>>> print(open('model-v4.pdb').read())   # PDB, C-alpha atoms, pLDDT in the B column
ATOM      1  CA  MET Q   1     107.790  81.563  88.409  1.00 68.00           C
ATOM      2  CA  GLU Q   2     104.781  83.766  87.772  1.00 89.00           C
ATOM      3  CA  PHE Q   3     103.182  85.950  90.449  1.00 92.00           C
ATOM      4  CA  GLY Q   4     100.139  83.746  91.103  1.00 95.00           C
ATOM      5  CA  LYS Q   5     102.122  80.566  91.581  1.00 94.00           C
ATOM      6  CA  LYS Q   6     104.657  82.312  93.804  1.00 95.00           C
ATOM      7  CA  LEU Q   7     101.829  83.861  95.833  1.00 97.00           C
ATOM      8  CA  ALA Q   8     100.169  80.480  96.390  1.00 97.00           C
ATOM      9  CA  GLN Q   9     103.510  78.854  97.269  1.00 96.00           C
ATOM     10  CA  VAL Q  10     104.439  81.466  99.863  1.00 96.00           C
ATOM     11  CA  ARG Q  11     100.920  81.536 101.326  1.00 97.00           C
ATOM     12  CA  LYS Q  12     101.000  77.760 101.802  1.00 98.00           C
ATOM     13  CA  GLU Q  13     104.517  77.882 103.288  1.00 97.00           C
ATOM     14  CA  LYS Q  14     103.196  80.396 105.837  1.00 97.00           C
ATOM     15  CA  LYS Q  15     100.287  78.002 106.545  1.00 98.00           C
ATOM     16  CA  LEU Q  16      97.665  80.608 105.689  1.00 98.00           C
ATOM     17  CA  SER Q  17      94.365  79.901 103.979  1.00 97.00           C
ATOM     18  CA  GLN Q  18      93.196  82.111 101.145  1.00 97.00           C
ATOM     19  CA  SER Q  19      90.543  83.474 103.510  1.00 97.00           C
ATOM     20  CA  ASP Q  20      93.116  84.302 106.191  1.00 97.00           C
ATOM     21  CA  LEU Q  21      95.401  86.169 103.808  1.00 98.00           C
ATOM     22  CA  ALA Q  22      92.494  87.916 102.119  1.00 98.00           C
ATOM     23  CA  LYS Q  23      91.272  89.235 105.479  1.00 97.00           C
ATOM     24  CA  MET Q  24      94.771  90.446 106.326  1.00 97.00           C
ATOM     25  CA  VAL Q  25      94.922  92.594 103.188  1.00 97.00           C
ATOM     26  CA  GLY Q  26      91.261  93.604 102.986  1.00 97.00           C
ATOM     27  CA  ILE Q  27      90.015  91.722  99.942  1.00 97.00           C
ATOM     28  CA  HIS Q  28      87.617  88.828  99.345  1.00 97.00           C
ATOM     29  CA  ALA Q  29      89.077  85.314  99.227  1.00 97.00           C
ATOM     30  CA  ASN Q  30      87.662  84.871  95.700  1.00 97.00           C
ATOM     31  CA  VAL Q  31      89.804  87.772  94.495  1.00 98.00           C
ATOM     32  CA  LEU Q  32      92.902  86.241  96.055  1.00 97.00           C
ATOM     33  CA  GLY Q  33      92.065  82.952  94.342  1.00 97.00           C
ATOM     34  CA  ARG Q  34      91.871  84.759  91.004  1.00 98.00           C
ATOM     35  CA  TYR Q  35      95.325  86.240  91.653  1.00 97.00           C
ATOM     36  CA  GLU Q  36      96.730  82.793  92.432  1.00 97.00           C
ATOM     37  CA  ARG Q  37      95.206  81.244  89.311  1.00 96.00           C
ATOM     38  CA  GLY Q  38      96.522  84.049  87.133  1.00 94.00           C
ATOM     39  CA  GLU Q  39      93.020  85.176  86.148  1.00 96.00           C
ATOM     40  CA  ALA Q  40      93.632  88.682  87.543  1.00 96.00           C
ATOM     41  CA  ARG Q  41      96.583  90.807  88.600  1.00 94.00           C
ATOM     42  CA  PRO Q  42      96.551  93.114  91.593  1.00 95.00           C
ATOM     43  CA  PHE Q  43      97.418  96.775  91.409  1.00 95.00           C
ATOM     44  CA  VAL Q  44     100.927  97.413  92.713  1.00 94.00           C
ATOM     45  CA  GLU Q  45      99.546  98.813  95.986  1.00 96.00           C
ATOM     46  CA  MET Q  46      97.651  95.568  96.677  1.00 97.00           C
ATOM     47  CA  ALA Q  47     100.616  93.437  95.627  1.00 96.00           C
ATOM     48  CA  ALA Q  48     102.732  95.387  98.124  1.00 96.00           C
ATOM     49  CA  LYS Q  49     100.152  94.784 100.883  1.00 97.00           C
ATOM     50  CA  ILE Q  50     100.155  91.066 100.096  1.00 97.00           C
ATOM     51  CA  ALA Q  51     103.964  90.947 100.184  1.00 97.00           C
ATOM     52  CA  GLU Q  52     103.978  92.768 103.512  1.00 97.00           C
ATOM     53  CA  ALA Q  53     101.378  90.403 104.986  1.00 97.00           C
ATOM     54  CA  LEU Q  54     103.457  87.425 103.836  1.00 97.00           C
ATOM     55  CA  GLN Q  55     106.654  89.050 105.143  1.00 96.00           C
ATOM     56  CA  VAL Q  56     108.450  88.832 101.802  1.00 95.00           C
ATOM     57  CA  SER Q  57     109.606  91.521  99.388  1.00 94.00           C
ATOM     58  CA  LEU Q  58     107.468  92.538  96.445  1.00 93.00           C
ATOM     59  CA  ASP Q  59     110.433  91.717  94.205  1.00 93.00           C
ATOM     60  CA  TYR Q  60     110.371  88.172  95.546  1.00 92.00           C
ATOM     61  CA  LEU Q  61     106.651  87.774  94.816  1.00 91.00           C
ATOM     62  CA  VAL Q  62     107.005  88.990  91.247  1.00 87.00           C
ATOM     63  CA  GLY Q  63     110.045  86.793  90.645  1.00 82.00           C
ATOM     64  CA  ASN Q  64     112.731  89.484  90.469  1.00 80.00           C
ATOM     65  CA  SER Q  65     114.558  88.264  93.564  1.00 74.00           C
ATOM     66  CA  ASP Q  66     115.381  85.008  95.311  1.00 67.00           C
ATOM     67  CA  LEU Q  67     114.487  86.466  98.718  1.00 60.00           C
TER      68      LEU Q  67
END
>>> encode(input="model-v4.pdb", output="structure tokens")
Amino acid sequence: MEFGKKLAQVRKEKKLSQSDLAKMVGIHANVLGRYERGEARPFVEMAAKIAEALQVSLDYLVGNSDL
């Protein structure tokens, strides 16, 4: 599964809105939406912040790990 789809899946499982997660990591909700739709990719530092906020590993978000 690609990063954007995995990001959206995990965010929804954690019952977070795009706005909530975006605030947690310091970006605008529109940017997070672009990540989820695959229109943009975050720098590794931002991807790591997102993974930390979602309490999953970065490997899991990028599809290199099952958990």
>>> atom_distance(input="model-v4.pdb", atom1="CA of Ala8 in chain Q", atom2="CA of Ala51 in chain Q")
11.8 Å
>>> resolve_selection(input="model-v4.pdb", expression="the PyMOL selection byres ((chain Q and resi 38-50) around 9)", output="MDAnalysis selection string")
chainID Q and resid 2:5 7 21:22 24:25 31:37 51:58 61:62
>>> axis_aligned_box(input="model-v4.pdb", around="range 7-21 of chain Q", padding_each_side="3 Å", output="AutoDock Vina command-line options")
--center_x 97.5 --center_y 82.0 --center_z 101.2 --size_x 20.0 --size_y 14.4 --size_z 16.7
>>> atom_distance(input="model-v4.pdb", atom1="CA of Lys6 in chain Q", atom2="CA of Tyr60 in chain Q")
8.4 Å
>>> atom_distance(input="model-v4.pdb", atom1="CA of Ser65 in chain Q", atom2="CA of Lys23 in chain Q")
26.2 Å
>>> build_atoms(input="model-v4.pdb", residues="range 55-66 of chain Q", atoms="all heavy atoms", output="compact mmCIF listing (two decimals), in the coordinates of the input")
# COMPACT_ATOMS: atom_id res chain seq x y z
N GLN Q 55 105.30 88.76 104.66
CA GLN Q 55 106.65 89.05 105.14
C GLN Q 55 107.73 88.66 104.13
O GLN Q 55 108.74 88.04 104.47
CB GLN Q 55 106.89 88.38 106.50
CG GLN Q 55 105.94 88.86 107.56
CD GLN Q 55 106.10 88.14 108.88
OE1 GLN Q 55 106.48 86.98 108.93
NE2 GLN Q 55 105.82 88.86 109.95
N VAL Q 56 107.47 89.01 102.87
CA VAL Q 56 108.45 88.83 101.80
C VAL Q 56 108.50 90.14 101.02
O VAL Q 56 107.62 90.98 101.14
CB VAL Q 56 108.10 87.66 100.85
CG1 VAL Q 56 108.11 86.34 101.59
CG2 VAL Q 56 106.77 87.87 100.15
N SER Q 57 109.52 90.31 100.20
CA SER Q 57 109.61 91.52 99.39
C SER Q 57 108.69 91.40 98.17
O SER Q 57 108.38 90.29 97.71
CB SER Q 57 111.04 91.76 98.92
OG SER Q 57 111.41 90.82 97.95
N LEU Q 58 108.27 92.53 97.66
CA LEU Q 58 107.47 92.54 96.44
C LEU Q 58 108.28 91.97 95.29
O LEU Q 58 107.74 91.22 94.46
CB LEU Q 58 106.98 93.96 96.14
CG LEU Q 58 106.07 94.13 94.94
CD1 LEU Q 58 104.87 93.20 95.01
CD2 LEU Q 58 105.62 95.57 94.82
N ASP Q 59 109.57 92.28 95.24
CA ASP Q 59 110.43 91.72 94.20
C ASP Q 59 110.41 90.19 94.23
O ASP Q 59 110.40 89.56 93.19
CB ASP Q 59 111.88 92.20 94.36
CG ASP Q 59 112.11 93.57 93.76
OD1 ASP Q 59 111.26 94.03 92.98
OD2 ASP Q 59 113.14 94.18 94.08
N TYR Q 60 110.41 89.62 95.42
CA TYR Q 60 110.37 88.17 95.55
C TYR Q 60 109.06 87.62 94.98
O TYR Q 60 109.07 86.63 94.23
CB TYR Q 60 110.54 87.77 97.01
CG TYR Q 60 110.50 86.27 97.23
CD1 TYR Q 60 111.57 85.47 96.84
CD2 TYR Q 60 109.40 85.65 97.80
CE1 TYR Q 60 111.55 84.10 97.02
CE2 TYR Q 60 109.36 84.29 98.00
CZ TYR Q 60 110.43 83.52 97.60
OH TYR Q 60 110.39 82.16 97.78
N LEU Q 61 107.95 88.25 95.30
CA LEU Q 61 106.65 87.77 94.82
C LEU Q 61 106.53 87.84 93.30
O LEU Q 61 105.91 86.98 92.70
CB LEU Q 61 105.51 88.57 95.42
CG LEU Q 61 104.88 88.06 96.70
CD1 LEU Q 61 103.64 88.87 97.06
CD2 LEU Q 61 104.54 86.59 96.66
N VAL Q 62 107.11 88.87 92.71
CA VAL Q 62 107.00 88.99 91.25
C VAL Q 62 108.13 88.27 90.53
O VAL Q 62 108.21 88.31 89.30
CB VAL Q 62 106.91 90.46 90.79
CG1 VAL Q 62 105.67 91.11 91.34
CG2 VAL Q 62 108.14 91.26 91.14
N GLY Q 63 109.01 87.62 91.27
CA GLY Q 63 110.04 86.79 90.64
C GLY Q 63 111.31 87.52 90.27
O GLY Q 63 112.12 86.99 89.52
N ASN Q 64 111.51 88.73 90.79
CA ASN Q 64 112.73 89.48 90.47
C ASN Q 64 113.84 89.27 91.49
O ASN Q 64 114.91 89.85 91.35
CB ASN Q 64 112.43 90.99 90.40
CG ASN Q 64 111.58 91.34 89.20
OD1 ASN Q 64 111.55 90.62 88.22
ND2 ASN Q 64 110.87 92.44 89.29
N SER Q 65 113.58 88.46 92.50
CA SER Q 65 114.56 88.26 93.56
C SER Q 65 114.38 86.87 94.14
O SER Q 65 113.28 86.33 94.14
CB SER Q 65 114.33 89.32 94.65
OG SER Q 65 115.01 88.98 95.83
N ASP Q 66 115.47 86.31 94.67
CA ASP Q 66 115.38 85.01 95.31
C ASP Q 66 114.92 85.09 96.75
O ASP Q 66 114.50 84.11 97.33
CB ASP Q 66 116.73 84.28 95.26
CG ASP Q 66 117.05 83.83 93.85
OD1 ASP Q 66 116.15 83.69 93.02
OD2 ASP Q 66 118.25 83.61 93.58
